[in-house]
Amino acid sequence: TPAIDCNKPTGSVTALAPNSGTSKVGNTVTLTVTAGNSETGLTLAGTINSKAGTNVVEVGGGVYTIDYVVAEGDNDVTSGNLACSLTLTDAAGNVSVAISSIPANTLAIDCHSPTVSTVVANPAVGTRKVGDSITVTVTASEAGLSGLSGTVNAKAVTLTDQGAGVYSGTYTIAEGDTDRAANALPIAFTLADAAGNTVAVSAFTSTTPAIDCHSPTVSTVVANPAVGTRKVGDNIVVTVTAGEAGLSGLSGTVNGKAVTLTDNADNTYSGTY
């Protein structure tokens, strides 16, 4: 005749870890279940926060643990209101009644990372020079985010919370920063909510201006002839050697008189006084 097991297992949740604070996406919440009569060899299964529990471990002495890993988009849980529905099954197939009571706790769970809808540069077109500013405006899904210190064009910029999920900051172009072509301005922020869920801000959704961060330089300014005495009606040729061709502002003065330089297309500019 067969053996007969006429008793369903019993059990209860005896511990929750962590049992306070706010867990975020990627965190693990562990429930400890203790079986009645310290029964061993049971199978623990079920749901925590409506998601299948994982990583079930029989610790020994009728104690079992089961994990819930917080995933993006799961149900947010307010303080002390985590729900579960677990069962213990013995070798004969007897299944316990649902175990759904969790010890008093203050654990909350935030299952939704912030999102960013727009990252806009102002101005968004043209070419900006040394001393000019570009305002960056980030529109996120929530206000009160942290992580407002980041970079624009690899230079430190701090965003200010404007409320309603809008954050803005200013990048001022300095001599020697990295030149950028249009639509190639880099940005890097990592915004975080109170639970620690994060969103990376790594690209603009608008166009961005070109940036010229290097003022032209002049290496030599030569007069020809450079010695002797010149009289009325004589000429002096002035040659300026700069760091680049195509410069403007070629109208100026020599000895208080108007002289216009000519671009020689080889980084030199010359004019006659």
# chains A, B, ... in the order shown; residues from 1 in each chain; ligands from 1
call {"tool": "residues_around", "arguments": {"residues": "A:Leu16", "least_positions_apart": "6", "cutoff": "7 Å", "atoms": "only C-alpha atoms", "output": "MDAnalysis selection string"}}
result
chainID A and resid 30:32
call {"tool": "residues_around", "arguments": {"residues": "A:Asp76", "least_positions_apart": "3", "cutoff": "9 Å", "atoms": "only C-alpha atoms", "output": "list in words"}}
result
Asn49, Gly73, Ala108, Ile109, Asp110, Cys111 and His112 of chain A
call {"tool": "write_last_selection", "arguments": {"atoms": "all heavy atoms", "output": "CSV table (one decimal), in the first residue's frame"}}
result
chain,number,residue,atom,x,y,z
A,49,ASN,N,5.2,41.3,-5.7
A,49,ASN,CA,4.9,42.5,-6.5
A,49,ASN,C,4.4,42.1,-7.9
A,49,ASN,O,4.7,42.7,-8.9
A,49,ASN,CB,6.0,43.5,-6.6
A,49,ASN,CG,5.6,44.8,-7.1
A,49,ASN,OD1,4.5,45.2,-6.9
A,49,ASN,ND2,6.5,45.6,-7.7
A,73,GLY,N,9.4,49.3,-15.1
A,73,GLY,CA,8.0,49.2,-15.5
A,73,GLY,C,7.1,48.3,-14.5
A,73,GLY,O,5.9,48.2,-14.8
A,108,ALA,N,9.6,51.0,0.4
A,108,ALA,CA,9.0,51.4,-0.8
A,108,ALA,C,9.8,51.0,-2.0
A,108,ALA,O,11.0,50.7,-1.9
A,108,ALA,CB,8.8,53.0,-0.8
A,109,ILE,N,9.2,50.9,-3.2
A,109,ILE,CA,9.9,50.5,-4.4
A,109,ILE,C,9.5,51.4,-5.6
A,109,ILE,O,8.3,51.6,-5.8
A,109,ILE,CB,9.5,49.0,-4.8
A,109,ILE,CG1,9.9,48.1,-3.7
A,109,ILE,CG2,10.2,48.6,-6.1
A,109,ILE,CD1,9.5,46.6,-3.9
A,110,ASP,N,10.5,52.0,-6.2
A,110,ASP,CA,10.3,52.8,-7.4
A,110,ASP,C,10.8,52.1,-8.6
A,110,ASP,O,12.0,51.9,-8.8
A,110,ASP,CB,11.1,54.1,-7.2
A,110,ASP,CG,10.9,55.1,-8.3
A,110,ASP,OD1,10.4,54.8,-9.4
A,110,ASP,OD2,11.2,56.3,-8.1
A,111,CYS,N,9.9,51.7,-9.4
A,111,CYS,CA,10.1,50.9,-10.6
A,111,CYS,C,10.2,51.6,-11.9
A,111,CYS,O,10.2,51.0,-13.0
A,111,CYS,CB,9.1,49.8,-10.7
A,111,CYS,SG,8.9,48.8,-9.3
A,112,HIS,N,10.3,52.9,-11.8
A,112,HIS,CA,10.3,53.7,-13.0
A,112,HIS,C,11.4,54.8,-13.0
A,112,HIS,O,11.4,55.7,-12.3
A,112,HIS,CB,8.9,54.5,-13.2
A,112,HIS,CG,7.8,53.5,-13.4
A,112,HIS,ND1,7.1,52.9,-12.4
A,112,HIS,CD2,7.2,53.1,-14.5
A,112,HIS,CE1,6.2,52.1,-12.8
A,112,HIS,NE2,6.2,52.2,-14.2
call {"tool": "select_by_dssp", "arguments": {"residues": "stretch 21-137 of chain A", "states": "strand (DSSP E or B)", "output": "ChimeraX atom specification"}}
result
/A:22-23,28-35,43-48,51-52,54-60,63-69,77,84-89,95,99,108-109,116-122,127-129,133-137
call {"tool": "residues_around", "arguments": {"residues": "stretch 203-207 of chain A", "least_positions_apart": "4", "cutoff": "7 Å", "atoms": "only C-alpha atoms", "output": "list of chain:residue names"}}
result
A:Thr118, A:Val119, A:Val120, A:Ala121, A:Ala124, A:Val125, A:Asn183, A:Pro186, A:Ile187
call {"tool": "write_last_selection", "arguments": {"atoms": "N, CA and C atoms", "output": "CSV table (one decimal), in the first residue's frame"}}
result
chain,number,residue,atom,x,y,z
A,118,THR,N,13.4,65.9,-24.5
A,118,THR,CA,14.1,66.8,-25.3
A,118,THR,C,15.3,67.3,-24.7
A,119,VAL,N,16.4,67.5,-25.5
A,119,VAL,CA,17.6,68.2,-25.1
A,119,VAL,C,17.9,69.2,-26.1
A,120,VAL,N,17.7,70.5,-25.8
A,120,VAL,CA,17.7,71.6,-26.8
A,120,VAL,C,18.9,72.6,-26.5
A,121,ALA,N,19.6,73.0,-27.6
A,121,ALA,CA,20.6,74.0,-27.5
A,121,ALA,C,20.0,75.3,-28.0
A,124,ALA,N,20.7,77.2,-31.7
A,124,ALA,CA,20.8,75.9,-32.2
A,124,ALA,C,21.5,75.9,-33.6
A,125,VAL,N,21.8,77.0,-34.2
A,125,VAL,CA,22.4,77.1,-35.5
A,125,VAL,C,23.5,78.2,-35.5
A,183,ASN,N,26.0,70.4,-35.2
A,183,ASN,CA,25.4,69.1,-34.8
A,183,ASN,C,26.3,68.1,-34.3
A,186,PRO,N,29.0,67.6,-27.9
A,186,PRO,CA,28.7,66.5,-27.0
A,186,PRO,C,28.1,67.0,-25.6
A,187,ILE,N,27.3,66.2,-25.0
A,187,ILE,CA,26.7,66.5,-23.7
A,187,ILE,C,26.7,65.2,-22.9
call {"tool": "residues_around", "arguments": {"residues": "stretch 226-240 of chain A", "least_positions_apart": "2", "cutoff": "10 Å", "atoms": "only C-alpha atoms", "output": "number ranges by chain"}}
result
A: 218-224, 242, 254, 259, 261-264, 267-273
call {"tool": "residues_around", "arguments": {"residues": "A:Ser146", "least_positions_apart": "6", "cutoff": "12 Å", "atoms": "only C-alpha atoms", "output": "ChimeraX atom specification"}}
result
/A:114,140,158-161,165,167,189-200
call {"tool": "write_last_selection", "arguments": {"atoms": "all heavy atoms", "output": "compact mmCIF listing (two decimals), in the first residue's frame"}}
result
# COMPACT_ATOMS: atom_id res chain seq x y z
N PRO A 114 13.57 57.88 -14.46
CA PRO A 114 13.17 59.10 -15.18
C PRO A 114 13.49 58.96 -16.66
O PRO A 114 14.38 58.19 -17.06
CB PRO A 114 14.01 60.18 -14.51
CG PRO A 114 15.15 59.46 -13.87
CD PRO A 114 14.66 58.11 -13.51
N ALA A 140 12.61 66.58 -18.73
CA ALA A 140 12.54 65.22 -18.20
C ALA A 140 11.11 64.92 -17.73
O ALA A 140 10.24 65.79 -17.73
CB ALA A 140 13.52 65.05 -17.05
N THR A 158 26.47 73.06 -14.79
CA THR A 158 25.49 72.66 -13.79
C THR A 158 24.10 73.11 -14.23
O THR A 158 23.88 74.29 -14.52
CB THR A 158 25.82 73.25 -12.41
OG1 THR A 158 27.10 72.78 -11.99
CG2 THR A 158 24.78 72.84 -11.38
N LEU A 159 23.18 72.15 -14.28
CA LEU A 159 21.80 72.47 -14.63
C LEU A 159 21.06 73.00 -13.41
O LEU A 159 21.36 72.62 -12.27
CB LEU A 159 21.08 71.23 -15.16
CG LEU A 159 21.68 70.56 -16.40
CD1 LEU A 159 20.89 69.29 -16.74
CD2 LEU A 159 21.68 71.51 -17.59
N THR A 160 20.09 73.84 -13.64
CA THR A 160 19.21 74.35 -12.59
C THR A 160 17.81 73.80 -12.80
O THR A 160 17.30 73.81 -13.93
CB THR A 160 19.17 75.89 -12.62
OG1 THR A 160 20.50 76.39 -12.40
CG2 THR A 160 18.25 76.42 -11.53
N ASP A 161 17.20 73.31 -11.73
CA ASP A 161 15.84 72.77 -11.80
C ASP A 161 14.86 73.93 -11.92
O ASP A 161 14.70 74.72 -10.98
CB ASP A 161 15.56 71.95 -10.54
CG ASP A 161 14.24 71.18 -10.61
OD1 ASP A 161 13.40 71.51 -11.48
OD2 ASP A 161 14.06 70.26 -9.80
N GLY A 165 9.84 69.49 -14.43
CA GLY A 165 10.68 68.59 -15.21
C GLY A 165 11.61 69.26 -16.18
O GLY A 165 12.22 68.59 -17.02
N TYR A 167 15.08 71.48 -16.88
CA TYR A 167 16.37 71.77 -16.29
C TYR A 167 17.20 72.53 -17.33
O TYR A 167 17.21 72.15 -18.51
CB TYR A 167 17.10 70.48 -15.90
CG TYR A 167 16.29 69.62 -14.95
CD1 TYR A 167 15.29 68.79 -15.43
CD2 TYR A 167 16.52 69.66 -13.58
CE1 TYR A 167 14.52 68.01 -14.57
CE2 TYR A 167 15.76 68.89 -12.71
CZ TYR A 167 14.77 68.07 -13.22
OH TYR A 167 14.01 67.30 -12.36
N PHE A 189 25.20 64.09 -18.98
CA PHE A 189 24.63 64.20 -17.64
C PHE A 189 24.01 62.85 -17.28
O PHE A 189 23.58 62.11 -18.17
CB PHE A 189 23.54 65.28 -17.57
CG PHE A 189 24.05 66.69 -17.66
CD1 PHE A 189 24.25 67.29 -18.89
CD2 PHE A 189 24.33 67.41 -16.51
CE1 PHE A 189 24.72 68.58 -18.99
CE2 PHE A 189 24.81 68.71 -16.60
CZ PHE A 189 25.00 69.30 -17.83
N THR A 190 23.96 62.54 -16.00
CA THR A 190 23.23 61.37 -15.53
C THR A 190 22.26 61.84 -14.46
O THR A 190 22.66 62.12 -13.31
CB THR A 190 24.18 60.30 -14.97
OG1 THR A 190 25.09 59.90 -15.99
CG2 THR A 190 23.39 59.07 -14.53
N LEU A 191 21.00 61.97 -14.83
CA LEU A 191 19.98 62.45 -13.90
C LEU A 191 19.43 61.27 -13.10
O LEU A 191 19.31 60.16 -13.61
CB LEU A 191 18.85 63.12 -14.67
CG LEU A 191 19.26 64.29 -15.59
CD1 LEU A 191 18.03 64.88 -16.26
CD2 LEU A 191 20.01 65.36 -14.80
N ALA A 192 19.10 61.52 -11.83
CA ALA A 192 18.64 60.45 -10.95
C ALA A 192 17.44 60.90 -10.14
O ALA A 192 17.35 62.07 -9.73
CB ALA A 192 19.77 60.03 -10.01
N ASP A 193 16.51 59.96 -9.90
CA ASP A 193 15.38 60.27 -9.03
C ASP A 193 15.76 59.95 -7.58
O ASP A 193 16.88 59.51 -7.29
CB ASP A 193 14.11 59.54 -9.48
CG ASP A 193 14.22 58.03 -9.42
OD1 ASP A 193 15.10 57.51 -8.69
OD2 ASP A 193 13.42 57.34 -10.09
N ALA A 194 14.82 60.15 -6.67
CA ALA A 194 15.11 60.00 -5.25
C ALA A 194 15.51 58.57 -4.88
O ALA A 194 16.29 58.35 -3.94
CB ALA A 194 13.91 60.44 -4.41
N ALA A 195 15.01 57.60 -5.64
CA ALA A 195 15.34 56.20 -5.36
C ALA A 195 16.69 55.80 -5.91
O ALA A 195 17.26 54.78 -5.53
CB ALA A 195 14.26 55.28 -5.95
N GLY A 196 17.23 56.62 -6.82
CA GLY A 196 18.50 56.30 -7.45
C GLY A 196 18.38 55.78 -8.86
O GLY A 196 19.39 55.45 -9.49
N ASN A 197 17.16 55.68 -9.39
CA ASN A 197 16.99 55.31 -10.80
C ASN A 197 17.57 56.44 -11.66
O ASN A 197 17.36 57.62 -11.37
CB ASN A 197 15.52 55.12 -11.14
CG ASN A 197 14.90 53.95 -10.40
OD1 ASN A 197 15.46 52.86 -10.37
ND2 ASN A 197 13.75 54.17 -9.79
N THR A 198 18.27 56.09 -12.72
CA THR A 198 18.98 57.10 -13.50
C THR A 198 18.57 57.09 -14.97
O THR A 198 18.04 56.10 -15.49
CB THR A 198 20.50 56.88 -13.42
OG1 THR A 198 20.83 55.60 -13.97
CG2 THR A 198 20.98 56.96 -11.98
N VAL A 199 18.86 58.21 -15.62
CA VAL A 199 18.72 58.31 -17.08
C VAL A 199 19.91 59.11 -17.59
O VAL A 199 20.29 60.13 -17.01
CB VAL A 199 17.39 58.98 -17.49
CG1 VAL A 199 17.24 60.38 -16.91
CG2 VAL A 199 17.26 59.00 -19.01
N ALA A 200 20.54 58.62 -18.64
CA ALA A 200 21.70 59.30 -19.22
C ALA A 200 21.25 60.32 -20.25
O ALA A 200 20.38 60.03 -21.09
CB ALA A 200 22.64 58.28 -19.86
call {"tool": "atom_distance", "arguments": {"atom1": "atom CA of A:Ser96", "atom2": "atom CA of A:Lys8"}}
result
5.4 Å
call {"tool": "atom_distance", "arguments": {"atom1": "atom CA of A:Val157", "atom2": "atom CA of A:Thr217"}}
result
28.0 Å
call {"tool": "atom_distance", "arguments": {"atom1": "atom CA of A:Glu175", "atom2": "atom CA of A:Gly147"}}
result
27.0 Å
call {"tool": "residues_around", "arguments": {"residues": "stretch 18-21 of chain A", "least_positions_apart": "3", "cutoff": "7 Å", "atoms": "only C-alpha atoms", "output": "ChimeraX atom specification"}}
result
/A:29,105-108
call {"tool": "decode", "arguments": {"residues": "stretch 28-58 of chain A", "atoms": "N, CA and C atoms", "output": "CSV table (one decimal), in the first residue's frame"}}
result
chain,number,residue,atom,x,y,z
A,28,THR,N,17.5,44.0,-5.4
A,28,THR,CA,16.9,42.7,-5.1
A,28,THR,C,16.2,42.8,-3.7
A,29,VAL,N,15.0,42.4,-3.7
A,29,VAL,CA,14.2,42.3,-2.4
A,29,VAL,C,14.1,40.8,-2.1
A,30,THR,N,14.4,40.4,-0.9
A,30,THR,CA,14.4,39.0,-0.5
A,30,THR,C,13.4,38.8,0.7
A,31,LEU,N,12.5,37.8,0.5
A,31,LEU,CA,11.6,37.3,1.5
A,31,LEU,C,12.1,36.0,2.1
A,32,THR,N,12.0,35.9,3.4
A,32,THR,CA,12.3,34.7,4.1
A,32,THR,C,11.0,34.0,4.6
A,33,VAL,N,10.9,32.8,4.2
A,33,VAL,CA,9.7,32.0,4.6
A,33,VAL,C,10.1,30.9,5.5
A,34,THR,N,9.4,30.8,6.6
A,34,THR,CA,9.6,29.7,7.6
A,34,THR,C,8.5,28.7,7.6
A,35,ALA,N,8.8,27.4,7.3
A,35,ALA,CA,7.7,26.4,7.2
A,35,ALA,C,7.3,26.0,8.6
A,36,GLY,N,6.0,25.6,8.7
A,36,GLY,CA,5.5,25.0,10.0
A,36,GLY,C,6.2,23.7,10.3
A,37,ASN,N,6.5,23.5,11.6
A,37,ASN,CA,7.2,22.3,12.1
A,37,ASN,C,8.6,22.2,11.5
A,38,SER,N,9.1,23.3,11.0
A,38,SER,CA,10.5,23.4,10.4
A,38,SER,C,10.6,22.3,9.3
A,39,GLU,N,9.6,22.1,8.5
A,39,GLU,CA,9.6,21.1,7.5
A,39,GLU,C,10.6,21.4,6.4
A,40,THR,N,11.3,20.4,6.0
A,40,THR,CA,12.3,20.6,5.0
A,40,THR,C,11.9,19.9,3.7
A,41,GLY,N,12.7,20.2,2.6
A,41,GLY,CA,12.4,19.5,1.4
A,41,GLY,C,11.2,20.1,0.6
A,42,LEU,N,10.7,21.2,1.0
A,42,LEU,CA,9.6,21.8,0.3
A,42,LEU,C,10.0,22.6,-0.9
A,43,THR,N,9.1,22.9,-1.7
A,43,THR,CA,9.3,23.8,-2.9
A,43,THR,C,8.5,25.1,-2.7
A,44,LEU,N,9.3,26.2,-2.7
A,44,LEU,CA,8.7,27.5,-2.5
A,44,LEU,C,8.6,28.2,-3.8
A,45,ALA,N,7.4,28.7,-4.1
A,45,ALA,CA,7.2,29.4,-5.4
A,45,ALA,C,6.1,30.5,-5.2
A,46,GLY,N,6.0,31.4,-6.2
A,46,GLY,CA,4.9,32.3,-6.2
A,46,GLY,C,5.4,33.7,-6.7
A,47,THR,N,4.6,34.7,-6.4
A,47,THR,CA,4.9,36.0,-6.9
A,47,THR,C,5.2,37.0,-5.8
A,48,ILE,N,6.0,38.0,-6.1
A,48,ILE,CA,6.3,39.2,-5.3
A,48,ILE,C,6.1,40.4,-6.1
A,49,ASN,N,5.2,41.3,-5.7
A,49,ASN,CA,4.9,42.5,-6.5
A,49,ASN,C,4.4,42.1,-7.9
A,50,SER,N,3.6,41.0,-7.9
A,50,SER,CA,3.0,40.4,-9.1
A,50,SER,C,4.0,39.9,-10.1
A,51,LYS,N,5.2,39.7,-9.7
A,51,LYS,CA,6.2,39.1,-10.6
A,51,LYS,C,6.8,37.8,-10.0
A,52,ALA,N,7.1,36.8,-10.8
A,52,ALA,CA,7.5,35.5,-10.3
A,52,ALA,C,8.8,35.7,-9.5
A,53,GLY,N,8.8,35.1,-8.3
A,53,GLY,CA,10.0,35.1,-7.5
A,53,GLY,C,11.1,34.2,-8.1
A,54,THR,N,12.3,34.5,-7.8
A,54,THR,CA,13.5,33.8,-8.4
A,54,THR,C,14.4,33.5,-7.3
A,55,ASN,N,15.4,32.7,-7.7
A,55,ASN,CA,16.6,32.4,-6.8
A,55,ASN,C,16.1,31.8,-5.4
A,56,VAL,N,15.2,30.8,-5.5
A,56,VAL,CA,14.7,30.1,-4.3
A,56,VAL,C,15.9,29.3,-3.6
A,57,VAL,N,16.1,29.5,-2.3
A,57,VAL,CA,17.1,28.8,-1.6
A,57,VAL,C,16.5,28.2,-0.4
A,58,GLU,N,16.8,26.9,-0.2
A,58,GLU,CA,16.4,26.2,1.1
A,58,GLU,C,17.6,26.4,2.0
